[in-house]
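J.: Supplied in structure tokens, the structure appears directly below.
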Amino acid sequence: MRLFLHAVLLGTLLCAINHAGVLAGMLDPPAGYVPAHFIRNLDVPQYLTWAELSKQHGLLPDYHAPWLTEPALFQPMFWIVGHTMLPMAVSYYLFQILTYWLAALALLQAARTFCETRRQMFYSAAVVVCSIPLLMLGWVAAMALGWSTALRTFLGLGVVHYAYDTADGLVRGGLSNSITLTFGTAMTLFAFTNLARYIKDGQRRHYLWLVACVFFDGLFHPFEIFLITTAAVWPLWRAGKKHMIPWLFAAAGVGMSPYVIQTVRSSWVRDASDLAQWTMGSPAWVLLAFGIPAAMVCWLMLINFRVKRPEDGVLQSWFLCASLLPMIPVIPVSSHLFDGFVYCLGFLLVRKATEDRLISRLFATRPRVMRFGLAGWVLASAAALGTMYAQVWKEGKSPEPDLFLSAVAPLDEVRMIDWMRASLPHQDLVLAPSAMAPWVATIPMPSFASHDLFSISYNAQQDLSDRFYKGENLRRELIDNFGVSYVVVPKSTPLQLEDAELVHEEASLRLYHIPNQHMQPYPGAANIAGSKPKNAFRQWILRILTAIVPSNTATGRPRA
């Protein structure tokens, strides 16, 4: 019971820290703005759209794409969010805090498994704090010394690496806070903890928990399982339990089978999944994103690769697989392989440092120097994190953030979306300014240029949208070609649409209806201008799967 209480307290604290921008927007919105209750990135409105669509669909259509798409996307996590009978924001954050508590519990259990003493736990926590990109330290110096905007922007990439690219929904975050990240981190930690316990004591219940983690991760967020299953092979083989490996892969396959089936059956799901490829060019990126601790682990493994405890072997396999697998282009959204990685880094560095003769001797002969050095390192890293979260707080309540993301919305935009939700048919395509477009999809209504992946040709659509709002006449190329039925226009924007009918007006926004417009069936990425080229190896695998699972090419008009 005490462990659960600690998990609740730790999870709640970390959730509040990572949502600093959201809290700032709720507490102090500027005049003319209201709290958005969410960070205004592209991912959160996507999740809210899925949750809203799940109220009418088991499988989901794509309302971020400006074409008719059949219900085909499998998203059980957001089906649950959408069916709680609570207001959407309440439902989302209820699920979010539950996953934070789950991930915090997983972290505490992992610390008990991979650390032998409380001192090792303390040092591991210090390593986690210190695992920040070196560019981020430069960004703090640039902010403090008032360096040029261009240099601050470049060094700010370190913040992006920390708070977005390697955000894990637990300790690392601020710019990317999602249920999916937190859940993935929880499953990763639980899986490796139970793997280590099973190898150590051979109790079958730990293996069953491992299999359960793999299955549920595959069912709700099928990305971390590529890391978990691969990293489990060598520890199980070395422990003489290789006969247990196939069952692990079977659990992963069963869990993710709905996604595989729908990817094969639906052309738009397949094309969207092709875009969700992030490939790490080199393992050096790990050093860039996780800083000095990652470099120290590499150095200590080169000096002595052997491990004394089976738990350390699990950590080492986890570290190596996470550092290499993201270079394989066939793995979808391989950045999720870093969910929970920083805790592996903390545990492994402390274990390796404990066994290293030089480091042990330095701590024994010069304890004060080593402790002061470590304390300075931790304080510098904590200061960098404090500066980052202070900036997240500042820009969360800003209508025009400099580097990060706002968490406030224009009052006119909110009122316009509320009116559209109550008054318009939900199956018609909307063109809205770029900042508003992702949130129009949450009505839910199809929204033009509203997501970097699920819009399929986001950059090309964004270019058309920008040109339209600059006053260009794009009637044929944009309105007629995509079948845009409604256009939200700032009053200051010149409108090149003669037959548009004004249907609603807010203080700074007008909503026009364009009659006789209808979206076209999804044409496939090969027939879409601006879509990205496909990965050849992945296409070869999909062709094999297509021979097994029949595809579904039928496309119908989504229901309202």
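All residue names refer to the structure tokens as shown: chains lettered A, B, ... in order, residues numbered from 1 in each chain, ligands numbered from 1 in order.
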Within 8 Å of Pro310 of chain A, counting only C-alpha atoms, which residues show up once you throw out same-chain ones fewer than 2 positions away? Write them as a ChimeraX atom specification, please.

T.: /A:196,199-200,235,307-308,312-314

J.: Quick one: residues within 6 Å of Cys213 of chain A, only C-alpha atoms counted, chain neighbours fewer than 4 positions away excluded, as a list of chain:residue names?

T.: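 That gives A:Met187, A:Ala191, A:Asp217.
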
J.: So what do you get for atom CA of Tyr162 of chain A versus atom CA of Val129 of chain A, distance-wise?

T.: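 Straight-line distance from atom CA of Tyr162 of chain A to atom CA of Val129 of chain A works out to 11.3 Å.
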
J.: Go through A:Phe347, A:Phe215, A:Trp299, A:Asn527 one by one, measure the shortest atom-to-atom distance of each to Thr117 of chain A using only C-alpha atoms, and give the residue with the smallest value.

T.: A:Phe347

J.: Go through A:Phe338, A:Phe454, A:Tyr63, A:Tyr343 one by one, measure the shortest atom-to-atom distance of each to His161 of chain A using only C-alpha atoms, and give the residue with the smallest value.

T.: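 Closest candidate: A:Phe338.
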
J.: Hey, which of A:Thr180, A:Thr185, A:Thr69, A:Ser360 ends up closest to Ser267 of chain A? Count only C-alpha atoms.

T.: A:Thr69

J.: Please identify all polymer residues within 10 Å of Ile97 of chain A, counting only C-alpha atoms, omitting same-chain residues fewer than 2 positions from it, and present them as number ranges by chain.

T.: A: 8, 11-12, 14-16, 92-95, 99-103, 179, 182

J.: Contacts of Ala460 of chain A at 9 Å or less, counting only C-alpha atoms, minus same-chain residues fewer than 2 places along, as a CSV table (one decimal) with N, CA and C atoms, in the first residue's frame?

T.:
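Below is the file selection12.csv, written as the result:
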chain,number,residue,atom,x,y,z
A,449,ALA,N,-5.5,20.3,-43.9
A,449,ALA,CA,-4.1,20.7,-43.4
A,449,ALA,C,-4.1,20.8,-41.9
A,457,SER,N,-0.7,14.7,-47.1
A,457,SER,CA,0.2,15.6,-47.8
A,457,SER,C,0.2,16.9,-47.1
A,458,TYR,N,0.6,16.9,-45.8
A,458,TYR,CA,0.4,18.1,-45.0
A,458,TYR,C,1.1,19.3,-45.5
A,462,GLN,N,-0.6,22.7,-46.5
A,462,GLN,CA,-0.3,23.9,-45.7
A,462,GLN,C,0.0,25.0,-46.7
A,463,ASP,N,0.8,24.7,-47.7
A,463,ASP,CA,1.2,25.7,-48.7
A,463,ASP,C,-0.1,26.3,-49.4
A,464,LEU,N,-1.0,25.5,-49.8
A,464,LEU,CA,-2.2,26.0,-50.4
A,464,LEU,C,-3.0,26.8,-49.4
A,465,SER,N,-3.1,26.4,-48.2
A,465,SER,CA,-3.9,27.2,-47.2
A,465,SER,C,-3.2,28.5,-47.0
A,529,ALA,N,-0.5,14.8,-54.9
A,529,ALA,CA,0.6,15.7,-55.0
A,529,ALA,C,1.2,16.1,-53.6
A,530,GLY,N,2.5,16.0,-53.5
A,530,GLY,CA,3.1,16.4,-52.2
A,530,GLY,C,3.2,15.3,-51.2
A,531,SER,N,2.7,14.1,-51.5
A,531,SER,CA,2.9,13.0,-50.5
A,531,SER,C,4.4,12.5,-50.6
